[in-house]
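The file query_12.json contains JSON, C-alpha atoms and all ligand atoms:
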[["chain", "number", "residue", "atom", "x", "y", "z"],
["A", 1, "MET", "CA", -3.26, -20.03, 1.48],
["A", 2, "THR", "CA", -5.75, -21.62, 3.87],
["A", 3, "ALA", "CA", -8.44, -19.65, 5.65],
["A", 4, "SER", "CA", -6.78, -20.12, 9.06],
["A", 5, "ALA", "CA", -3.39, -18.95, 7.76],
["A", 6, "THR", "CA", -5.07, -15.85, 6.39],
["A", 7, "ALA", "CA", -6.74, -15.14, 9.72],
["A", 8, "THR", "CA", -3.45, -15.47, 11.63],
["A", 9, "ALA", "CA", -1.64, -13.10, 9.29],
["A", 10, "ALA", "CA", -4.43, -10.51, 9.15],
["A", 11, "PRO", "CA", -4.02, -7.28, 11.11],
["A", 12, "VAL", "CA", -6.18, -7.01, 14.24],
["A", 13, "LEU", "CA", -7.74, -3.85, 12.82],
["A", 14, "ARG", "CA", -7.97, -2.97, 9.15],
["A", 15, "VAL", "CA", -9.46, 0.39, 8.29],
["A", 16, "LYS", "CA", -9.98, 1.44, 4.69],
["A", 17, "ASP", "CA", -11.15, 4.79, 3.30],
["A", 18, "LEU", "CA", -13.29, 5.69, 6.32],
["A", 19, "VAL", "CA", -15.41, 8.77, 5.81],
["A", 20, "LYS", "CA", -17.61, 10.29, 8.50],
["A", 21, "GLU", "CA", -19.87, 13.24, 7.88],
["A", 22, "TYR", "CA", -22.11, 14.81, 10.49],
["A", 23, "GLY", "CA", -25.16, 16.91, 9.61],
["A", 24, "GLU", "CA", -26.42, 18.02, 6.22],
["A", 25, "GLY", "CA", -26.29, 20.93, 3.80],
["A", 26, "ASP", "CA", -24.55, 24.06, 5.08],
["A", 27, "ALA", "CA", -24.11, 22.43, 8.50],
["A", 28, "LYS", "CA", -22.30, 19.38, 7.12],
["A", 29, "VAL", "CA", -19.02, 18.56, 8.89],
["A", 30, "HIS", "CA", -16.43, 16.27, 7.28],
["A", 31, "ALA", "CA", -15.02, 14.70, 10.45],
["A", 32, "LEU", "CA", -13.07, 11.96, 8.62],
["A", 33, "ARG", "CA", -12.03, 12.22, 4.97],
["A", 34, "GLY", "CA", -10.80, 8.80, 3.95],
["A", 35, "VAL", "CA", -8.80, 7.29, 6.82],
["A", 36, "SER", "CA", -6.93, 4.05, 6.17],
["A", 37, "LEU", "CA", -4.73, 2.20, 8.66],
["A", 38, "ASP", "CA", -3.79, -1.28, 9.83],
["A", 39, "VAL", "CA", -3.07, -2.23, 13.44],
["A", 40, "GLU", "CA", -1.05, -5.41, 13.93],
["A", 41, "ARG", "CA", -1.44, -7.72, 16.92],
["A", 42, "GLY", "CA", 0.53, -6.37, 19.89],
["A", 43, "ASP", "CA", 0.83, -2.85, 18.47],
["A", 44, "TYR", "CA", 0.46, 0.20, 20.67],
["A", 45, "VAL", "CA", -0.90, 3.04, 18.59],
["A", 46, "ALA", "CA", -1.52, 6.68, 19.48],
["A", 47, "ILE", "CA", -3.89, 8.76, 17.36],
["A", 48, "MET", "CA", -2.73, 12.36, 17.64],
["A", 49, "GLY", "CA", -4.14, 15.56, 16.23],
["A", 50, "ALA", "CA", -5.55, 18.99, 16.97],
["A", 51, "SER", "CA", -8.80, 19.43, 18.84],
["A", 52, "GLY", "CA", -11.67, 18.80, 16.42],
["A", 53, "SER", "CA", -9.53, 16.84, 13.94],
["A", 54, "GLY", "CA", -11.63, 13.66, 14.26],
["A", 55, "LYS", "CA", -9.85, 11.53, 16.89],
["A", 56, "SER", "CA", -12.97, 10.79, 18.96],
["A", 57, "THR", "CA", -14.98, 10.18, 15.79],
["A", 58, "LEU", "CA", -12.41, 7.59, 14.69],
["A", 59, "MET", "CA", -12.26, 5.97, 18.14],
["A", 60, "ASN", "CA", -16.05, 5.70, 18.29],
["A", 61, "ILE", "CA", -16.04, 3.87, 14.96],
["A", 62, "LEU", "CA", -13.09, 1.63, 15.93],
["A", 63, "GLY", "CA", -14.92, 0.77, 19.18],
["A", 64, "CYS", "CA", -18.08, -0.10, 17.22],
["A", 65, "LEU", "CA", -20.03, 2.64, 19.00],
["A", 66, "ASP", "CA", -20.73, 4.54, 15.76],
["A", 67, "VAL", "CA", -20.83, 3.70, 12.06],
["A", 68, "PRO", "CA", -18.95, 5.42, 9.23],
["A", 69, "THR", "CA", -20.68, 7.26, 6.39],
["A", 70, "SER", "CA", -18.60, 5.12, 4.01],
["A", 71, "GLY", "CA", -15.53, 2.91, 4.02],
["A", 72, "THR", "CA", -14.84, -0.45, 5.61],
["A", 73, "TYR", "CA", -13.57, -1.63, 8.97],
["A", 74, "GLN", "CA", -12.46, -5.15, 9.85],
["A", 75, "ILE", "CA", -11.65, -6.62, 13.27],
["A", 76, "ASP", "CA", -9.68, -9.86, 12.93],
["A", 77, "GLY", "CA", -10.91, -10.13, 9.37],
["A", 78, "ALA", "CA", -14.60, -9.71, 10.24],
["A", 79, "ASP", "CA", -16.27, -6.90, 8.33],
["A", 80, "VAL", "CA", -17.92, -4.88, 11.10],
["A", 81, "GLY", "CA", -20.33, -3.18, 8.71],
["A", 82, "ARG", "CA", -21.84, -6.56, 7.78],
["A", 83, "LEU", "CA", -22.45, -7.83, 11.31],
["A", 84, "ALA", "CA", -25.95, -8.06, 12.75],
["A", 85, "GLU", "CA", -26.66, -6.05, 15.91],
["A", 86, "HIS", "CA", -26.34, -9.07, 18.23],
["A", 87, "GLN", "CA", -23.02, -10.10, 16.62],
["A", 88, "LEU", "CA", -21.79, -6.54, 17.09],
["A", 89, "ALA", "CA", -22.81, -6.66, 20.77],
["A", 90, "ILE", "CA", -20.74, -9.84, 21.26],
["A", 91, "LEU", "CA", -17.77, -8.26, 19.46],
["A", 92, "ARG", "CA", -17.95, -5.15, 21.65],
["A", 93, "ASN", "CA", -18.20, -7.24, 24.81],
["A", 94, "ARG", "CA", -15.38, -9.68, 24.04],
["A", 95, "ARG", "CA", -12.93, -7.71, 21.92],
["A", 96, "VAL", "CA", -13.19, -4.02, 22.77],
["A", 97, "GLY", "CA", -12.13, -2.33, 26.00],
["A", 98, "PHE", "CA", -12.95, 1.35, 26.03],
["A", 99, "VAL", "CA", -11.64, 3.92, 28.51],
["A", 100, "PHE", "CA", -13.73, 7.05, 27.97],
["A", 101, "GLN", "CA", -12.39, 10.55, 28.47],
["A", 102, "SER", "CA", -15.37, 11.19, 30.79],
["A", 103, "PHE", "CA", -15.18, 7.75, 32.51],
["A", 104, "ASN", "CA", -18.83, 6.70, 31.81],
["A", 105, "LEU", "CA", -19.03, 4.68, 35.03],
["A", 106, "ILE", "CA", -22.52, 3.68, 36.15],
["A", 107, "PRO", "CA", -23.62, 5.91, 39.08],
["A", 108, "ARG", "CA", -24.84, 4.26, 42.28],
["A", 109, "MET", "CA", -22.98, 1.08, 41.43],
["A", 110, "SER", "CA", -19.81, 0.25, 43.35],
["A", 111, "ALA", "CA", -16.42, 0.23, 41.65],
["A", 112, "LEU", "CA", -16.53, -3.56, 41.90],
["A", 113, "ALA", "CA", -19.98, -3.79, 40.28],
["A", 114, "ASN", "CA", -18.87, -1.45, 37.48],
["A", 115, "VAL", "CA", -15.86, -3.64, 36.69],
["A", 116, "GLU", "CA", -17.97, -6.81, 36.89],
["A", 117, "LEU", "CA", -20.61, -5.53, 34.48],
["A", 118, "PRO", "CA", -18.99, -6.50, 31.15],
["A", 119, "LEU", "CA", -18.42, -9.98, 32.60],
["A", 120, "VAL", "CA", -22.11, -10.16, 33.56],
["A", 121, "TYR", "CA", -23.04, -9.40, 29.94],
["A", 122, "GLY", "CA", -20.36, -11.85, 28.80],
["A", 123, "GLY", "CA", -22.04, -14.68, 30.74],
["A", 124, "VAL", "CA", -19.19, -15.21, 33.25],
["A", 125, "GLY", "CA", -20.41, -16.81, 36.53],
["A", 126, "PRO", "CA", -20.61, -14.83, 39.82],
["A", 127, "ALA", "CA", -17.56, -16.32, 41.56],
["A", 128, "GLU", "CA", -15.24, -15.97, 38.58],
["A", 129, "ARG", "CA", -16.35, -12.47, 37.68],
["A", 130, "ARG", "CA", -15.90, -11.33, 41.28],
["A", 131, "SER", "CA", -12.35, -12.65, 41.46],
["A", 132, "ARG", "CA", -11.44, -11.26, 38.03],
["A", 133, "ALA", "CA", -12.89, -7.84, 38.88],
["A", 134, "LEU", "CA", -11.07, -7.76, 42.23],
["A", 135, "ALA", "CA", -7.82, -8.70, 40.49],
["A", 136, "ALA", "CA", -8.29, -5.94, 37.90],
["A", 137, "LEU", "CA", -9.00, -3.37, 40.64],
["A", 138, "GLU", "CA", -5.93, -4.56, 42.54],
["A", 139, "GLN", "CA", -3.83, -4.06, 39.40],
["A", 140, "VAL", "CA", -4.87, -0.40, 39.28],
["A", 141, "GLY", "CA", -4.26, 0.05, 43.01],
["A", 142, "LEU", "CA", -7.88, 0.36, 44.16],
["A", 143, "THR", "CA", -8.25, -2.60, 46.51],
["A", 144, "ASP", "CA", -9.31, -0.23, 49.33],
["A", 145, "ARG", "CA", -12.01, 1.45, 47.20],
["A", 146, "VAL", "CA", -13.93, -1.45, 45.66],
["A", 147, "ARG", "CA", -17.13, -0.69, 47.62],
["A", 148, "HIS", "CA", -17.07, 3.02, 46.76],
["A", 149, "GLU", "CA", -19.44, 4.48, 44.21],
["A", 150, "PRO", "CA", -18.15, 6.72, 41.40],
["A", 151, "ASN", "CA", -19.18, 10.00, 43.12],
["A", 152, "GLN", "CA", -17.14, 8.94, 46.18],
["A", 153, "LEU", "CA", -13.98, 8.59, 44.08],
["A", 154, "SER", "CA", -11.56, 11.19, 42.75],
["A", 155, "GLY", "CA", -11.33, 11.78, 39.00],
["A", 156, "GLY", "CA", -8.12, 9.77, 38.75],
["A", 157, "GLN", "CA", -9.61, 6.94, 40.80],
["A", 158, "GLN", "CA", -12.70, 6.88, 38.57],
["A", 159, "GLN", "CA", -10.46, 6.68, 35.53],
["A", 160, "ARG", "CA", -8.60, 3.75, 37.11],
["A", 161, "VAL", "CA", -11.93, 1.96, 37.64],
["A", 162, "ALA", "CA", -12.64, 2.57, 33.93],
["A", 163, "VAL", "CA", -9.22, 1.08, 33.07],
["A", 164, "ALA", "CA", -9.96, -1.98, 35.22],
["A", 165, "ARG", "CA", -13.35, -2.38, 33.54],
["A", 166, "ALA", "CA", -11.77, -2.15, 30.08],
["B", 201, "LIG", "N1", -22.33, 14.57, 16.79],
["B", 201, "LIG", "C1", -21.75, 15.50, 16.04],
["B", 201, "LIG", "N2", -22.48, 16.29, 15.21],
["B", 201, "LIG", "C2", -21.90, 17.22, 14.43],
["B", 201, "LIG", "N3", -20.57, 17.45, 14.39],
["B", 201, "LIG", "C3", -19.80, 16.71, 15.20],
["B", 201, "LIG", "C4", -20.34, 15.71, 16.06],
["B", 201, "LIG", "N4", -19.32, 15.12, 16.74],
["B", 201, "LIG", "C5", -18.20, 15.73, 16.32],
["B", 201, "LIG", "N5", -18.47, 16.69, 15.40],
["B", 201, "LIG", "C6", -17.51, 17.54, 14.69],
["B", 201, "LIG", "O1", -16.60, 16.66, 14.02],
["B", 201, "LIG", "C7", -15.26, 17.15, 14.11],
["B", 201, "LIG", "C8", -14.38, 16.08, 14.76],
["B", 201, "LIG", "O2", -14.76, 15.98, 16.15],
["B", 201, "LIG", "P1", -14.05, 14.95, 17.13],
["B", 201, "LIG", "O3", -13.93, 13.63, 16.45],
["B", 201, "LIG", "O4", -14.77, 14.99, 18.42],
["B", 201, "LIG", "O5", -12.58, 15.61, 17.25],
["B", 201, "LIG", "P2", -11.40, 15.34, 18.30],
["B", 201, "LIG", "O6", -11.77, 14.17, 19.17],
["B", 201, "LIG", "O7", -10.18, 15.09, 17.45],
["B", 201, "LIG", "O8", -11.25, 16.61, 19.10],
["B", 201, "LIG", "C9", -15.32, 18.45, 14.88],
["B", 201, "LIG", "O9", -15.34, 19.51, 13.95],
["B", 201, "LIG", "C10", -16.64, 18.37, 15.63],
["B", 201, "LIG", "O10", -17.19, 19.65, 15.83],
["B", 202, "MG", "MG", -11.93, 13.97, 21.23]]
Whole structure, structure tokens version:
Amino acid sequence: MTASATATAAPVLRVKDLVKEYGEGDAKVHALRGVSLDVERGDYVAIMGASGSGKSTLMNILGCLDVPTSGTYQIDGADVGRLAEHQLAILRNRRVGFVFQSFNLIPRMSALANVELPLVYGGVGPAERRSRALAALEQVGLTDRVRHEPNQLSGGQQQRVAVARA
């Protein structure tokens, strides 16, 4: 099989034996005890479980915001644990869209500026990023709020800005 055929057939996400431990000694918490899963292109996947069962821990690792104690994680065949910090930054910018439970919008920046920000980091020019951000905000029904700052928006509206940004 050629390298390109392998890449096409590979799952988008491939997680193997992920372990995450927080703390040490008596305070040690086993947040993940050997999680393995594949996500195929186009899949919609819900991670469900009781409060404290490790969902956020897993999502933080899948989003490349945290690293596992052991185990491997591949995005499109690239072993995330082997990437240099700058390669990881590019991967996060281009391949990961994260909608946080607590929004994590930047205060004192308009909804439009918040949605544009990943495109700024991604090197997209001003005209294109403006039109793409406006289109994303329109898709979530916030055309009349693009100049508002996060603290001028309702919780649901802030979450829609976060969806548009993702
Ligand atoms: N930074 C941390 N330090 C120590 N323990 C943590 C930390 N983050 C999460 N935990 C613990 O890890 C377990 C899994 O937490 P979490 O992934 O947030 O669960 P969930 O999102 O499913 O509610 C919980 O027992 C939690 O108390
Ligand atoms: Mg959680």
Expected axis-aligned box over every listed atom of ligand LIG 201 (chain B), 5 Å added per side, centre plus edges in Å to one decimal, as JSON:
{"center_x": -16.3, "center_y": 16.6, "center_z": 16.6, "size_x": 22.3, "size_y": 16.0, "size_z": 15.2}
Selection as an NGL selection string: residues within 6 Å of ligand LIG 201 (chain B) by only C-alpha atoms and all ligand atoms: :A and (22-23 or 29 or 31 or 51-57)
By how many Å are CA of Pro11 in chain A and CA of Leu83 in chain A apart?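 CA of Leu83 in chain A lies at a distance of 18.4 Å from CA of Pro11 in chain A.
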Got a sec: who's within 8 Å of Ala166 in chain A, counting all atoms listed in the file, leaving out chain neighbours fewer than 3 positions off, as a VMD selection string? chain A and resid 96 to 99 115 162 to 163
Same residues, C-alpha atoms, output as a PDB file, in the coordinates of the input:
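Done, and the output landed in result-v5.pdb:
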ATOM      1  CA  VAL A  96     -13.190  -4.020  22.770  1.00  0.00           C
ATOM      2  CA  GLY A  97     -12.130  -2.330  26.000  1.00  0.00           C
ATOM      3  CA  PHE A  98     -12.950   1.350  26.030  1.00  0.00           C
ATOM      4  CA  VAL A  99     -11.640   3.920  28.510  1.00  0.00           C
ATOM      5  CA  VAL A 115     -15.860  -3.640  36.690  1.00  0.00           C
ATOM      6  CA  ALA A 162     -12.640   2.570  33.930  1.00  0.00           C
ATOM      7  CA  VAL A 163      -9.220   1.080  33.070  1.00  0.00           C
TER       8      VAL A 163
END
Which of A:Ala27, A:Ala46, A:Gln101, A:Gln87 sits closest to ligand MG 202 (chain B) [using only C-alpha atoms and all ligand atoms]: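 Using only C-alpha atoms and all ligand atoms, ligand MG 202 (chain B) sits closest to A:Gln101.
From CA of Thr69 in chain A back to CA of Lys20 in chain A, the distance works out to 4.8 Å.
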Figure out the distance between CA of Val124 in chain A and CA of Arg82 in chain A, please, to one decimal in Å. 27.0 Å
Residues within 7 Å of range 143-153 of chain A, please, as a PyMOL selection string. Count all atoms listed in the file; anything in the same chain fewer than 4 positions from it doesn't count. chain A and resi 105+107-112+137-138+157-158
Atoms to include: C-alpha atoms. Write the selected residues as a PDB file, keeping the file's coordinate frame.
ATOM      1  CA  LEU A 105     -19.030   4.680  35.030  1.00  0.00           C
ATOM      2  CA  PRO A 107     -23.620   5.910  39.080  1.00  0.00           C
ATOM      3  CA  ARG A 108     -24.840   4.260  42.280  1.00  0.00           C
ATOM      4  CA  MET A 109     -22.980   1.080  41.430  1.00  0.00           C
ATOM      5  CA  SER A 110     -19.810   0.250  43.350  1.00  0.00           C
ATOM      6  CA  ALA A 111     -16.420   0.230  41.650  1.00  0.00           C
ATOM      7  CA  LEU A 112     -16.530  -3.560  41.900  1.00  0.00           C
ATOM      8  CA  LEU A 137      -9.000  -3.370  40.640  1.00  0.00           C
ATOM      9  CA  GLU A 138      -5.930  -4.560  42.540  1.00  0.00           C
ATOM     10  CA  GLN A 157      -9.610   6.940  40.800  1.00  0.00           C
ATOM     11  CA  GLN A 158     -12.700   6.880  38.570  1.00  0.00           C
TER      12      GLN A 158
END
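You can rank A:Ala164, A:Ile75, A:Ile106, A:Leu117 by their closest distance to Ala136 in chain A using all atoms listed in the file, and at the top of that list sits A:Ala164.
For Cys64 in chain A, the set of protein, DNA and RNA residues having any atom at most 8 Å away, when counting only C-alpha atoms and skipping those fewer than 5 positions along the same chain, is Val80, Leu88 and Arg92 of chain A.
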Neighbours of range 35-45 of chain A within 7 Å (all atoms listed in the file; same-chain residues fewer than 4 positions away dropped), as a PyMOL selection string? chain A and resi 11-19
Residues from last step as file, C-alpha atoms, as a compact mmCIF listing (two decimals), keeping the file's coordinate frame:
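This went into result.txt:
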# COMPACT_ATOMS: atom_id res chain seq x y z
CA PRO A 11 -4.02 -7.28 11.11
CA VAL A 12 -6.18 -7.01 14.24
CA LEU A 13 -7.74 -3.85 12.82
CA ARG A 14 -7.97 -2.97 9.15
CA VAL A 15 -9.46 0.39 8.29
CA LYS A 16 -9.98 1.44 4.69
CA ASP A 17 -11.15 4.79 3.30
CA LEU A 18 -13.29 5.69 6.32
CA VAL A 19 -15.41 8.77 5.81
Pick out the closest residue to ligand MG 202 (chain B) from this set: A:Ala9, A:Leu91, A:Ala50, A:Leu32. Count all atoms listed in the file.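 Closest to ligand MG 202 (chain B) of all the choices is A:Ala50.
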Smallest atom-to-atom distance to ligand MG 202 (chain B): which of A:Gly77, A:Ser102, A:Arg33, A:Leu65, using only C-alpha atoms and all ligand atoms?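 Comparing A:Gly77, A:Ser102, A:Arg33, A:Leu65 against ligand MG 202 (chain B), the winner is A:Ser102.
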